[in-house]
$ cat input.txt   # compact mmCIF, C-alpha atoms (C1' of nucleotides)
# COMPACT_ATOMS: atom_id res chain seq x y z
CA MET F 1 39.37 11.87 -121.43
CA CYS F 2 35.94 10.59 -122.09
CA PRO F 3 33.75 13.65 -121.63
CA MET F 4 30.46 13.39 -119.77
CA SER F 5 29.10 12.40 -123.11
CA THR F 6 25.52 12.47 -121.89
CA TYR F 7 25.36 15.97 -120.56
CA HIS F 8 24.13 17.16 -123.89
CA HIS F 9 21.67 14.69 -125.20
CA GLY F 10 22.22 15.98 -128.69
CA ASP F 11 18.92 14.83 -130.15
CA LEU F 12 16.48 15.68 -127.46
CA ARG F 13 13.65 17.31 -129.33
CA PRO F 14 12.93 14.41 -131.69
CA THR F 15 13.50 11.96 -128.87
CA LEU F 16 10.90 13.73 -126.75
CA LEU F 17 8.44 13.70 -129.61
CA ARG F 18 8.92 10.01 -130.22
CA ALA F 19 8.60 9.24 -126.53
CA GLY F 20 5.58 11.52 -126.38
CA GLN F 21 3.96 9.71 -129.27
CA ALA F 22 4.45 6.40 -127.49
CA LEU F 23 3.39 7.60 -124.09
CA LEU F 24 0.38 9.39 -125.51
CA GLU F 25 -1.26 6.20 -126.69
CA LYS F 26 -0.63 4.56 -123.33
CA ALA F 27 -1.59 7.33 -120.96
CA GLY F 28 -3.89 9.58 -122.93
CA PRO F 29 -3.44 13.30 -123.50
CA ASP F 30 -4.50 14.34 -120.01
CA THR F 31 -2.18 12.19 -117.96
CA LEU F 32 0.81 12.61 -120.25
CA SER F 33 3.36 14.40 -118.12
CA LEU F 34 6.41 16.33 -119.18
CA ARG F 35 8.40 14.92 -116.31
CA GLU F 36 7.65 11.34 -117.28
CA LEU F 37 8.76 12.18 -120.79
CA ALA F 38 11.99 13.63 -119.50
CA ARG F 39 12.56 10.51 -117.44
CA ARG F 40 12.10 8.29 -120.46
CA ALA F 41 14.52 10.38 -122.43
CA GLY F 42 17.02 10.02 -119.60
CA VAL F 43 17.20 13.71 -118.98
CA SER F 44 16.41 16.13 -116.19
CA HIS F 45 12.83 17.22 -115.64
CA ASN F 46 13.49 20.69 -116.95
CA ALA F 47 15.39 19.86 -120.10
CA PRO F 48 12.24 19.72 -122.26
CA TYR F 49 11.68 23.41 -121.64
CA ARG F 50 14.64 24.17 -123.87
CA HIS F 51 12.63 22.77 -126.77
CA PHE F 52 9.03 23.41 -125.81
CA SER F 53 7.95 26.55 -124.07
CA ASP F 54 5.08 24.78 -122.48
CA ARG F 55 3.41 21.49 -121.88
CA GLU F 56 0.78 22.62 -124.33
CA ALA F 57 3.47 23.36 -126.90
CA LEU F 58 4.66 19.78 -126.70
CA LEU F 59 1.13 18.50 -127.09
CA ALA F 60 0.60 20.88 -129.98
CA ALA F 61 3.66 19.50 -131.74
CA LEU F 62 2.38 15.96 -131.26
CA ALA F 63 -1.02 16.97 -132.57
CA ALA F 64 0.46 18.76 -135.57
CA ASP F 65 2.36 15.62 -136.45
CA GLY F 66 -0.90 13.74 -136.08
CA PHE F 67 -2.61 16.00 -138.60
CA ARG F 68 0.26 15.46 -140.98
CA ARG F 69 -0.07 11.70 -140.65
CA LEU F 70 -3.83 11.93 -141.04
CA GLY F 71 -3.31 13.87 -144.26
CA GLU F 72 -1.02 11.14 -145.52
CA ALA F 73 -3.50 8.43 -144.62
CA LEU F 74 -6.23 10.19 -146.57
CA ALA F 75 -4.12 11.18 -149.55
CA THR F 76 -4.06 7.71 -151.09
CA THR F 77 -7.84 7.36 -151.05
CA SER F 78 -10.85 8.85 -152.79
CA GLY F 79 -14.62 8.94 -152.48
CA ARG F 80 -16.18 7.08 -149.62
CA GLU F 81 -12.92 5.33 -148.93
CA THR F 82 -11.58 8.60 -147.68
CA GLY F 83 -14.26 8.71 -145.04
CA LEU F 84 -13.52 5.17 -144.02
CA ALA F 85 -9.80 5.92 -143.83
CA TYR F 86 -10.61 8.85 -141.54
CA VAL F 87 -12.49 6.63 -139.14
CA ARG F 88 -9.79 3.98 -139.31
CA PHE F 89 -7.15 6.52 -138.43
CA ALA F 90 -9.11 7.45 -135.34
CA LEU F 91 -9.59 3.82 -134.35
CA GLU F 92 -5.92 3.07 -134.78
CA HIS F 93 -4.69 6.09 -132.84
CA PRO F 94 -7.46 6.80 -130.36
CA GLN F 95 -5.49 8.96 -127.95
CA LEU F 96 -3.83 10.89 -130.71
CA PHE F 97 -7.23 11.55 -132.22
CA ARG F 98 -8.50 12.75 -128.85
CA LEU F 99 -5.55 15.05 -128.55
CA MET F 100 -6.16 16.46 -132.02
CA PHE F 101 -9.91 16.84 -131.62
CA GLY F 102 -10.70 16.72 -127.94
CA GLY F 103 -10.79 20.46 -127.38
CA ARG F 104 -7.71 20.44 -125.15
CA LEU F 105 -5.52 22.55 -127.37
CA ARG F 106 -6.03 26.22 -128.03
CA PHE F 107 -5.30 26.27 -131.71
CA SER F 108 -5.08 30.02 -131.88
CA ARG F 109 -1.91 29.90 -129.82
CA HIS F 110 -0.17 27.50 -132.15
CA PRO F 111 -0.18 28.74 -135.74
CA ALA F 112 1.75 25.75 -137.03
CA LEU F 113 -0.87 23.50 -135.52
CA SER F 114 -3.72 25.47 -137.03
CA GLU F 115 -2.15 25.22 -140.43
CA ALA F 116 -1.54 21.50 -140.12
CA ALA F 117 -5.11 21.01 -138.96
CA ALA F 118 -6.61 22.93 -141.85
CA GLN F 119 -4.85 20.97 -144.56
CA PRO F 120 -6.90 17.76 -144.64
CA TYR F 121 -10.13 19.74 -144.88
CA GLN F 122 -8.81 21.75 -147.79
CA ALA F 123 -8.16 18.53 -149.66
CA LEU F 124 -11.65 17.31 -148.86
CA LEU F 125 -13.17 20.57 -150.07
CA ALA F 126 -11.28 20.33 -153.34
CA ALA F 127 -12.50 16.78 -153.87
CA PHE F 128 -16.14 17.74 -153.38
CA ARG F 129 -15.91 20.81 -155.58
CA ALA F 130 -14.67 18.60 -158.37
CA GLN F 131 -17.97 16.71 -158.37
CA PRO F 132 -20.39 18.66 -160.53
CA ALA F 133 -23.41 16.58 -159.56
CA ILE F 134 -23.48 17.78 -155.98
CA ALA F 135 -25.71 20.75 -155.29
CA ASP F 136 -23.71 22.58 -152.65
CA PRO F 137 -20.23 21.10 -152.49
CA ASP F 138 -19.07 23.17 -149.54
CA LYS F 139 -21.98 22.16 -147.37
CA ALA F 140 -21.66 18.59 -148.55
CA ALA F 141 -17.97 18.57 -147.70
CA ALA F 142 -18.72 19.88 -144.24
CA ALA F 143 -21.41 17.24 -143.85
CA ALA F 144 -19.08 14.49 -144.99
CA TRP F 145 -16.42 15.58 -142.57
CA ALA F 146 -18.91 15.93 -139.75
CA LEU F 147 -20.28 12.47 -140.47
CA VAL F 148 -16.98 10.64 -140.27
CA HIS F 149 -15.72 12.85 -137.49
CA GLY F 150 -18.75 12.19 -135.36
CA LEU F 151 -18.63 8.51 -136.20
CA ALA F 152 -15.03 8.35 -135.10
CA HIS F 153 -15.80 10.05 -131.80
CA LEU F 154 -18.83 7.90 -131.07
CA LEU F 155 -17.01 4.69 -131.86
CA LEU F 156 -14.00 5.68 -129.79
CA ASP F 157 -16.14 6.55 -126.81
CA GLY F 158 -18.14 3.36 -127.07
CA HIS F 159 -21.46 5.06 -127.59
CA LEU F 160 -22.34 2.77 -130.44
CA ALA F 161 -20.70 -0.26 -128.96
CA ARG F 162 -23.81 -2.30 -128.29
CA GLN F 163 -24.51 -2.94 -131.91
CA VAL F 164 -20.98 -2.90 -133.18
CA SER F 165 -18.65 -5.87 -133.31
CA ASP F 166 -16.51 -4.75 -136.24
CA PRO F 167 -16.26 -0.97 -136.00
CA SER F 168 -14.62 -0.59 -139.37
CA ALA F 169 -17.33 -2.53 -141.19
CA PHE F 170 -19.99 -0.70 -139.26
CA ALA F 171 -18.48 2.61 -140.28
CA ALA F 172 -18.53 1.55 -143.91
CA GLU F 173 -22.23 0.73 -143.69
CA VAL F 174 -23.11 3.95 -141.95
CA ILE F 175 -21.18 5.97 -144.49
CA GLY F 176 -22.96 4.04 -147.19
CA ALA F 177 -26.34 4.97 -145.76
CA VAL F 178 -25.85 8.63 -146.54
CA ARG F 179 -26.52 10.60 -149.73
CA PHE F 180 -25.85 14.19 -150.55
CA ALA F 181 -28.43 16.44 -152.08
CA SER F 182 -27.80 16.47 -155.81
CA ARG F 183 -28.38 19.20 -158.36
CA ALA F 184 -31.28 17.25 -159.79
CA GLY F 185 -32.96 17.59 -156.38
CA MET J 1 -24.47 28.71 -77.29
CA CYS J 2 -24.57 29.25 -80.97
CA PRO J 3 -23.31 25.99 -82.43
CA MET J 4 -20.75 26.05 -85.19
CA SER J 5 -23.73 26.02 -87.48
CA THR J 6 -21.54 25.66 -90.53
CA TYR J 7 -19.65 22.59 -89.52
CA HIS J 8 -22.11 20.48 -91.35
CA HIS J 9 -22.98 22.17 -94.56
CA GLY J 10 -26.18 20.20 -94.77
CA ASP J 11 -26.61 20.46 -98.52
CA LEU J 12 -23.13 19.92 -99.83
CA ARG J 13 -23.63 17.48 -102.64
CA PRO J 14 -26.08 19.57 -104.65
CA THR J 15 -24.11 22.69 -103.83
CA LEU J 16 -20.99 21.11 -105.23
CA LEU J 17 -22.82 20.07 -108.36
CA ARG J 18 -24.20 23.54 -108.92
CA ALA J 19 -20.81 25.11 -108.32
CA GLY J 20 -19.28 22.51 -110.59
CA GLN J 21 -21.73 23.27 -113.32
CA ALA J 22 -20.86 26.95 -113.11
CA LEU J 23 -17.13 26.46 -112.84
CA LEU J 24 -17.13 23.92 -115.64
CA GLU J 25 -18.23 26.42 -118.25
CA LYS J 26 -15.64 28.90 -117.08
CA ALA J 27 -12.62 26.68 -116.64
CA GLY J 28 -13.29 23.67 -118.82
CA PRO J 29 -13.30 20.06 -117.70
CA ASP J 30 -9.53 19.75 -117.43
CA THR J 31 -8.80 22.68 -115.18
CA LEU J 32 -11.83 22.21 -112.98
CA SER J 33 -10.41 21.39 -109.57
CA LEU J 34 -12.04 19.76 -106.60
CA ARG J 35 -10.30 22.13 -104.26
CA GLU J 36 -11.60 25.20 -106.02
CA LEU J 37 -15.07 23.72 -105.81
CA ALA J 38 -14.66 23.13 -102.09
CA ARG J 39 -13.50 26.72 -101.67
CA ARG J 40 -16.55 28.03 -103.45
CA ALA J 41 -18.80 25.91 -101.29
CA GLY J 42 -17.04 27.30 -98.23
CA VAL J 43 -15.88 23.93 -97.09
CA SER J 44 -12.59 22.15 -96.51
CA HIS J 45 -10.77 20.68 -99.46
CA ASN J 46 -11.52 17.17 -98.35
CA ALA J 47 -15.22 17.48 -97.74
CA PRO J 48 -16.19 16.66 -101.32
CA TYR J 49 -14.74 13.20 -100.88
CA ARG J 50 -17.66 12.33 -98.61
CA HIS J 51 -19.95 12.71 -101.61
CA PHE J 52 -17.74 11.80 -104.53
CA SER J 53 -15.19 9.05 -104.30
CA ASP J 54 -13.09 10.67 -106.90
CA ARG J 55 -12.59 13.73 -109.03
CA GLU J 56 -13.80 11.63 -111.91
CA ALA J 57 -16.93 10.72 -109.98
CA LEU J 58 -17.79 14.38 -109.63
CA LEU J 59 -17.21 14.95 -113.31
CA ALA J 60 -19.28 11.88 -114.09
CA ALA J 61 -22.17 13.27 -112.10
CA LEU J 62 -21.94 16.56 -113.95
CA ALA J 63 -21.85 14.73 -117.25
CA ALA J 64 -24.80 12.55 -116.32
CA ASP J 65 -26.82 15.64 -115.56
CA GLY J 66 -25.71 17.00 -118.92
CA PHE J 67 -27.08 13.94 -120.69
CA ARG J 68 -30.33 14.36 -118.86
CA ARG J 69 -30.57 17.97 -119.94
CA LEU J 70 -29.64 17.05 -123.49
CA GLY J 71 -32.44 14.52 -123.50
CA GLU J 72 -34.86 17.20 -122.38
CA ALA J 73 -33.67 19.59 -125.05
CA LEU J 74 -34.24 17.00 -127.75
CA ALA J 75 -37.54 15.69 -126.41
CA THR J 76 -39.59 18.64 -127.63
CA THR J 77 -38.33 18.35 -131.22
CA SER J 78 -38.69 16.01 -134.14
CA GLY J 79 -37.13 15.36 -137.53
CA ARG J 80 -34.27 17.57 -138.60
CA GLU J 81 -35.04 19.94 -135.78
CA THR J 82 -33.75 17.34 -133.40
CA GLY J 83 -30.39 17.43 -135.08
CA LEU J 84 -30.30 21.18 -134.94
CA ALA J 85 -31.24 21.13 -131.26
CA TYR J 86 -28.36 18.75 -130.65
CA VAL J 87 -25.87 21.13 -132.22
CA ARG J 88 -27.39 24.08 -130.40
CA PHE J 89 -27.03 22.31 -127.08
CA ALA J 90 -23.35 21.82 -127.77
CA LEU J 91 -22.90 25.44 -128.79
CA GLU J 92 -24.67 26.68 -125.69
CA HIS J 93 -22.77 24.46 -123.27
CA PRO J 94 -19.41 23.92 -124.95
CA GLN J 95 -17.47 22.76 -121.91
CA LEU J 96 -20.26 20.54 -120.72
CA PHE J 97 -20.39 18.97 -124.16
CA ARG J 98 -16.63 18.43 -124.07
CA LEU J 99 -16.95 16.79 -120.70
CA MET J 100 -19.71 14.51 -121.95
CA PHE J 101 -18.01 13.62 -125.22
CA GLY J 102 -14.35 14.49 -124.89
CA GLY J 103 -13.15 11.04 -123.96
CA ARG J 104 -12.11 12.11 -120.48
CA LEU J 105 -14.53 9.90 -118.61
CA ARG J 106 -14.33 6.14 -118.43
CA PHE J 107 -17.98 5.33 -118.79
CA SER J 108 -17.53 1.73 -117.77
CA ARG J 109 -16.70 2.87 -114.26
CA HIS J 110 -19.87 4.89 -113.88
CA PRO J 111 -22.97 2.83 -114.64
CA ALA J 112 -25.34 5.71 -113.92
CA LEU J 113 -23.47 7.79 -116.43
CA SER J 114 -23.58 5.08 -119.07
CA GLU J 115 -27.29 4.76 -118.63
CA ALA J 116 -27.87 8.50 -118.85
CA ALA J 117 -25.70 8.66 -121.95
CA ALA J 118 -27.54 5.89 -123.72
CA GLN J 119 -30.98 7.38 -123.31
CA PRO J 120 -30.94 10.09 -126.00
CA TYR J 121 -29.73 7.60 -128.58
CA GLN J 122 -32.53 5.20 -127.74
CA ALA J 123 -35.03 7.94 -128.45
CA LEU J 124 -33.33 8.70 -131.74
CA LEU J 125 -33.38 5.05 -132.73
CA ALA J 126 -37.07 4.81 -132.00
CA ALA J 127 -37.78 7.87 -134.11
CA PHE J 128 -35.93 6.46 -137.11
CA ARG J 129 -37.51 3.03 -136.80
CA ALA J 130 -40.89 4.68 -137.00
CA GLN J 131 -40.13 5.95 -140.50
CA PRO J 132 -41.00 3.14 -142.89
CA ALA J 133 -39.43 4.86 -145.91
CA ILE J 134 -35.89 4.56 -144.67
CA ALA J 135 -34.00 1.51 -145.81
CA ASP J 136 -31.89 0.73 -142.77
CA PRO J 137 -33.16 2.77 -139.83
CA ASP J 138 -30.46 1.68 -137.41
CA LYS J 139 -27.66 2.69 -139.72
CA ALA J 140 -29.47 5.88 -140.61
CA ALA J 141 -29.92 6.74 -136.95
CA ALA J 142 -26.23 6.17 -136.33
CA ALA J 143 -25.43 8.32 -139.34
CA ALA J 144 -27.75 11.09 -138.16
CA TRP J 145 -26.20 11.09 -134.73
CA ALA J 146 -22.69 10.99 -136.14
CA LEU J 147 -23.49 13.89 -138.43
CA VAL J 148 -24.73 16.27 -135.77
CA HIS J 149 -22.20 15.02 -133.26
CA GLY J 150 -19.31 15.65 -135.61
CA LEU J 151 -20.77 18.98 -136.61
CA ALA J 152 -20.98 20.03 -132.99
CA HIS J 153 -17.38 19.05 -132.35
CA LEU J 154 -16.05 20.76 -135.45
CA LEU J 155 -17.95 23.95 -134.75
CA LEU J 156 -16.87 24.02 -131.12
CA ASP J 157 -13.23 23.53 -132.04
CA GLY J 158 -13.35 26.18 -134.72
CA HIS J 159 -12.42 23.86 -137.55
CA LEU J 160 -15.16 25.22 -139.74
CA ALA J 161 -14.87 28.75 -138.49
CA ARG J 162 -13.54 30.31 -141.68
CA GLN J 163 -16.79 29.96 -143.52
CA VAL J 164 -19.14 30.23 -140.61
CA SER J 165 -20.53 33.42 -139.19
CA ASP J 166 -23.77 32.02 -137.81
CA PRO J 167 -22.99 28.50 -136.60
CA SER J 168 -26.59 27.63 -135.98
CA ALA J 169 -27.69 28.59 -139.48
CA PHE J 170 -24.70 26.83 -140.95
CA ALA J 171 -25.59 23.68 -139.06
CA ALA J 172 -29.11 23.81 -140.42
CA GLU J 173 -27.81 24.04 -143.97
CA VAL J 174 -25.36 21.20 -143.52
CA ILE J 175 -28.03 19.02 -142.00
CA GLY J 176 -30.26 19.91 -144.87
CA ALA J 177 -27.64 18.78 -147.37
CA VAL J 178 -27.91 15.16 -146.27
CA ARG J 179 -30.30 12.43 -147.36
CA PHE J 180 -30.68 8.90 -146.14
CA ALA J 181 -30.85 5.94 -148.44
CA SER J 182 -34.51 5.10 -148.92
CA ARG J 183 -36.20 1.81 -149.58
CA ALA J 184 -36.93 2.86 -153.12
CA GLY J 185 -33.15 3.04 -153.67
C1' DG A 1 45.43 27.12 -129.44
C1' DG A 2 42.73 30.25 -126.22
C1' DC A 3 38.54 32.91 -125.32
C1' DC A 4 33.75 34.41 -125.52
C1' DT A 5 29.03 33.77 -126.72
C1' DT A 6 25.23 30.90 -127.04
C1' DA A 7 22.69 26.68 -126.96
C1' DT A 8 21.60 23.07 -124.06
C1' DG A 9 21.04 20.49 -119.43
C1' DT A 10 20.93 20.47 -114.32
C1' DT A 11 19.56 21.58 -109.62
C1' DG A 12 16.60 23.38 -106.45
C1' DA A 13 12.54 25.71 -105.24
C1' DC A 14 7.46 27.15 -105.23
C1' DG A 15 2.59 26.66 -105.42
C1' DA A 16 -1.25 23.85 -106.76
C1' DT A 17 -3.51 19.55 -107.14
C1' DG A 18 -5.57 14.81 -106.08
C1' DG A 19 -5.73 11.81 -102.65
C1' DA A 20 -4.97 8.97 -97.89
C1' DC A 21 -5.44 8.95 -93.03
C1' DA A 22 -6.70 10.08 -88.37
C1' DC A 23 -9.58 12.89 -85.88
C1' DA A 24 -13.59 16.10 -84.64
C1' DT A 25 -18.37 17.16 -84.83
C1' DT A 26 -23.10 16.47 -85.55
C1' DA A 27 -27.50 13.55 -86.61
C1' DT A 28 -30.06 9.71 -85.90
C1' DC A 29 -32.19 6.22 -83.73
C1' DG A 30 -32.26 2.64 -80.22
C1' DC W 1 -29.77 9.71 -72.91
C1' DG W 2 -26.21 7.26 -75.24
C1' DA W 3 -24.17 4.55 -79.09
C1' DT W 4 -23.34 4.66 -83.94
C1' DA W 5 -23.16 6.35 -88.43
C1' DA W 6 -22.72 10.39 -91.42
C1' DT W 7 -20.32 14.41 -92.51
C1' DG W 8 -16.33 17.88 -92.16
C1' DT W 9 -11.53 19.16 -90.77
C1' DG W 10 -6.34 18.99 -90.48
C1' DT W 11 -2.21 17.03 -91.65
C1' DC W 12 0.54 14.73 -94.73
C1' DC W 13 2.47 12.97 -99.23
C1' DA W 14 3.58 12.34 -104.24
C1' DT W 15 3.15 14.46 -108.57
C1' DC W 16 3.04 18.04 -111.60
C1' DG W 17 4.08 22.47 -114.32
C1' DT W 18 6.96 26.18 -114.12
C1' DC W 19 10.62 29.67 -112.67
C1' DA W 20 15.39 31.13 -111.59
C1' DA W 21 20.21 30.36 -111.01
C1' DC W 22 23.86 27.72 -112.32
C1' DA W 23 26.82 24.25 -115.09
C1' DT W 24 28.53 22.42 -119.26
C1' DA W 25 29.41 21.94 -124.04
C1' DA W 26 29.95 23.74 -129.05
C1' DG W 27 31.26 26.96 -132.40
C1' DG W 28 33.18 31.12 -134.12
C1' DC W 29 36.81 34.75 -133.72
C1' DC W 30 41.33 36.23 -132.70
$ encode --input "input.txt" --output "structure tokens"
Amino acid sequence: MCPMSTYHHGDLRPTLLRAGQALLEKAGPDTLSLRELARRAGVSHNAPYRHFSDREALLAALAADGFRRLGEALATTSGRETGLAYVRFALEHPQLFRLMFGGRLRFSRHPALSEAAAQPYQALLAAFRAQPAIADPDKAAAAAWALVHGLAHLLLDGHLARQVSDPSAFAAEVIGAVRFASRAG
Amino acid sequence: MCPMSTYHHGDLRPTLLRAGQALLEKAGPDTLSLRELARRAGVSHNAPYRHFSDREALLAALAADGFRRLGEALATTSGRETGLAYVRFALEHPQLFRLMFGGRLRFSRHPALSEAAAQPYQALLAAFRAQPAIADPDKAAAAAWALVHGLAHLLLDGHLARQVSDPSAFAAEVIGAVRFASRAG
DNA sequence: GGCCTTATGTTGACGATGGACACATTATCG
DNA sequence: CGATAATGTGTCCATCGTCAACATAAGGCC
């Protein structure tokens, strides 16, 4: 006889992550609820706990995937374009960016997340160290990251909104307004 | 007869804000609960609603006060010191900073908050416009803000932690590594 | 094929929270 | 002194995260 073919979903973990990704951008990281996710996956409200020990674990998995995608988005770029791509990523996935960088997750509890988060910066560091003209590549890399990271946050939160009609173009100009201390002084 | 002298607290709103300020730094903006606040103020769990329409309204008031205090902290500084003071403020009040800039509040719903938030940037803009050597002061001001803002976020979230023992000193170096495009080119 | 172990879902419960509503108490001001 | 508004209280509800006990399915071993 036809077994209760839906008792075991069979593909729940990826389904939850996909649904989470979708719901995240609609609801934001704070109002994203495990139960709503379970509902959307057509499964009982406790099923997700078989795959994620915690609500935070689910969010951490979503964030880790976000860092992976961010890494991909940056990988095809170089120079100032990388900075622009960073800001664009944030503008295109605002809630995901907030999840990744909004201070909600305790990275120390999620090693996989920490590793995923560290990767993009390592690439950035390598790129700056390859430029012999820059005086202190490590500091410059940190400054570059901070610049685009802050820009992303400020644009997302609307703090620069008054003067900005095209955020992407604005970001390009702001990034262009910055120099890094060179060896020559 | 001795009246139930505590029926009307008499000073509830400021008390709630003070308690909120204290609890915020302990619990973070997400786990701060209205009920816990009411408990600490020795009042029923519904009393706060007479003074704040919403949980978000209470948070907005706390954030607005944060912006005011940030403005004060920056007012006594100038030049690169302002940037350093910005980062220091974030490091000293991490949860408050996250509340102010973590994307949890919908500024459009809280005009007083929006106004308070805009003030520090106006001061920064004015300072940059007063420097005739800088090519595009508005872009430079945005870049300066983005730089210290991103730096604050990254330091708070531990993304730069591997290389940083003294965050404040590190911030000073990073800020020092940046130049702004000048009129001369 | 039949059985046992383990992975996966389900049901039901608990405590906490934000919030709505009706009601009680106190201040204020005519 | 008495009406009216401001401020607190009590009760109630929906939602949520999480725990514990139970049900079902899948896969390996005989």
$ residues_around --input "input.txt" --residues "Leu99 in chain J" --least-positions-apart "2" --cutoff "9 Å" --atoms "all atoms listed in the file" --output "ChimeraX atom specification"
/J:24,28-30,59-60,62-63,66,94-97,101-105
$ write_last_selection --input "input.txt" --atoms "C-alpha atoms" --output "PDB file, keeping the file's coordinate frame"
ATOM      1  CA  LEU J  24     -17.130  23.920-115.640  1.00  0.00           C
ATOM      2  CA  GLY J  28     -13.290  23.670-118.820  1.00  0.00           C
ATOM      3  CA  PRO J  29     -13.300  20.060-117.700  1.00  0.00           C
ATOM      4  CA  ASP J  30      -9.530  19.750-117.430  1.00  0.00           C
ATOM      5  CA  LEU J  59     -17.210  14.950-113.310  1.00  0.00           C
ATOM      6  CA  ALA J  60     -19.280  11.880-114.090  1.00  0.00           C
ATOM      7  CA  LEU J  62     -21.940  16.560-113.950  1.00  0.00           C
ATOM      8  CA  ALA J  63     -21.850  14.730-117.250  1.00  0.00           C
ATOM      9  CA  GLY J  66     -25.710  17.000-118.920  1.00  0.00           C
ATOM     10  CA  PRO J  94     -19.410  23.920-124.950  1.00  0.00           C
ATOM     11  CA  GLN J  95     -17.470  22.760-121.910  1.00  0.00           C
ATOM     12  CA  LEU J  96     -20.260  20.540-120.720  1.00  0.00           C
ATOM     13  CA  PHE J  97     -20.390  18.970-124.160  1.00  0.00           C
ATOM     14  CA  PHE J 101     -18.010  13.620-125.220  1.00  0.00           C
ATOM     15  CA  GLY J 102     -14.350  14.490-124.890  1.00  0.00           C
ATOM     16  CA  GLY J 103     -13.150  11.040-123.960  1.00  0.00           C
ATOM     17  CA  ARG J 104     -12.110  12.110-120.480  1.00  0.00           C
ATOM     18  CA  LEU J 105     -14.530   9.900-118.610  1.00  0.00           C
TER      19      LEU J 105
END
$ closest_residue --input "input.txt" --among "F:Gly79, F:Gly10, F:Pro167, F:Gly71" --to "DA25 in chain W" --atoms "all atoms listed in the file"
F:Gly10
$ residues_around --input "input.txt" --residues "Leu70 in chain J" --least-positions-apart "2" --cutoff "8 Å" --atoms "all atoms listed in the file" --output "ChimeraX atom specification"
/J:66-68,72-74,86,89,120
$ write_last_selection --input "input.txt" --atoms "C-alpha atoms" --output "JSON list (two decimals), in the frame of the given file"
[["chain", "number", "residue", "atom", "x", "y", "z"],
["J", 66, "GLY", "CA", -25.71, 17.00, -118.92],
["J", 67, "PHE", "CA", -27.08, 13.94, -120.69],
["J", 68, "ARG", "CA", -30.33, 14.36, -118.86],
["J", 72, "GLU", "CA", -34.86, 17.20, -122.38],
["J", 73, "ALA", "CA", -33.67, 19.59, -125.05],
["J", 74, "LEU", "CA", -34.24, 17.00, -127.75],
["J", 86, "TYR", "CA", -28.36, 18.75, -130.65],
["J", 89, "PHE", "CA", -27.03, 22.31, -127.08],
["J", 120, "PRO", "CA", -30.94, 10.09, -126.00]]
$ interface_residues --input "input.txt" --of "chain W" --to "chain J" --cutoff "7 Å" --atoms "only C-alpha atoms (C1' of nucleotides)" --output "ChimeraX atom specification"
/W:7-9
$ closest_residue --input "input.txt" --among "J:Glu115, J:Glu81, J:Asp166, J:Asp65" --to "chain F" --atoms "all atoms listed in the file"
J:Glu115
$ interface_residues --input "input.txt" --of "chain A" --to "chain F" --cutoff "10 Å" --atoms "only C-alpha atoms (C1' of nucleotides)" --output "VMD selection string"
chain A and resid 7 to 11
$ closest_atom_pairs --input "input.txt" --of "chain J" --to "chain F" --cutoff "8 Å" --atoms "all atoms listed in the file" --output "tab-separated table"
residue	atom	partner	partner_atom	distance
J:Asp30	CA	F:Asp30	CA	7.8
J:Arg98	CA	F:Gly103	CA	7.0
J:Phe101	CA	F:Asp157	CA	7.5
J:Gly102	CA	F:Gly102	CA	5.3
J:Gly103	CA	F:Asp157	CA	6.1
J:Arg104	CA	F:Asp30	CA	7.9
J:Ala117	CA	F:His159	CA	7.9
J:Ala118	CA	F:His159	CA	7.3
J:Asp136	CA	F:Ala177	CA	7.6
J:Lys139	CA	F:Val174	CA	5.2
J:Ala140	CA	F:Ala177	CA	6.1
J:Ala142	CA	F:Val174	CA	6.8
J:Ala143	CA	F:Val174	CA	5.6
J:Ala144	CA	F:Leu147	CA	7.9
J:Trp145	CA	F:Gly150	CA	7.6
J:Ala146	CA	F:Gly150	CA	4.2
J:Leu147	CA	F:Leu147	CA	4.1
J:Val148	CA	F:Ala146	CA	7.1
J:His149	CA	F:Gly150	CA	4.9
J:Gly150	CA	F:Gly150	CA	3.5
J:Leu151	CA	F:Ala146	CA	4.8
J:His153	CA	F:Gly150	CA	7.6
J:Leu154	CA	F:Ala146	CA	7.1
J:Leu156	CA	F:Gly103	CA	8.0
J:Asp157	CA	F:Gly103	CA	6.1
J:His159	CA	F:Ala118	CA	7.3
J:Leu160	CA	F:Ala142	CA	7.8
J:Glu173	CA	F:Lys139	CA	7.0
J:Val174	CA	F:Lys139	CA	5.2
J:Ile175	CA	F:Ala143	CA	7.1
J:Ala177	CA	F:Ala181	CA	5.3
J:Val178	CA	F:Phe180	CA	4.8
J:Arg179	CA	F:Arg179	CA	4.8
J:Phe180	CA	F:Val178	CA	4.9
J:Ala181	CA	F:Ala177	CA	5.3
$ atom_distance --input "input.txt" --atom1 "CA of Ala161 in chain F" --atom2 "CA of Arg69 in chain F"
26.6 Å
$ atom_distance --input "input.txt" --atom1 "C1' of DT28 in chain A" --atom2 "C1' of DA5 in chain W"
8.1 Å
$ residues_around --input "input.txt" --residues "DA20 in chain A" --least-positions-apart "6" --cutoff "12 Å" --atoms "only C-alpha atoms (C1' of nucleotides)" --output "list in words"
Asn46 and Tyr49 of chain J; DT11, DC12, DC13 and DA14 of chain W
$ residues_around --input "input.txt" --residues "DT6 in chain A" --least-positions-apart "6" --cutoff "12 Å" --atoms "all atoms listed in the file" --output "JSON, numbers by chain"
{"W": [24, 25, 26, 27, 28]}
$ write_last_selection --input "input.txt" --atoms "C-alpha atoms (C1' of nucleotides)" --output "compact mmCIF listing (two decimals), in the frame of the given file"
# COMPACT_ATOMS: atom_id res chain seq x y z
C1' DT W 24 28.53 22.42 -119.26
C1' DA W 25 29.41 21.94 -124.04
C1' DA W 26 29.95 23.74 -129.05
C1' DG W 27 31.26 26.96 -132.40
C1' DG W 28 33.18 31.12 -134.12
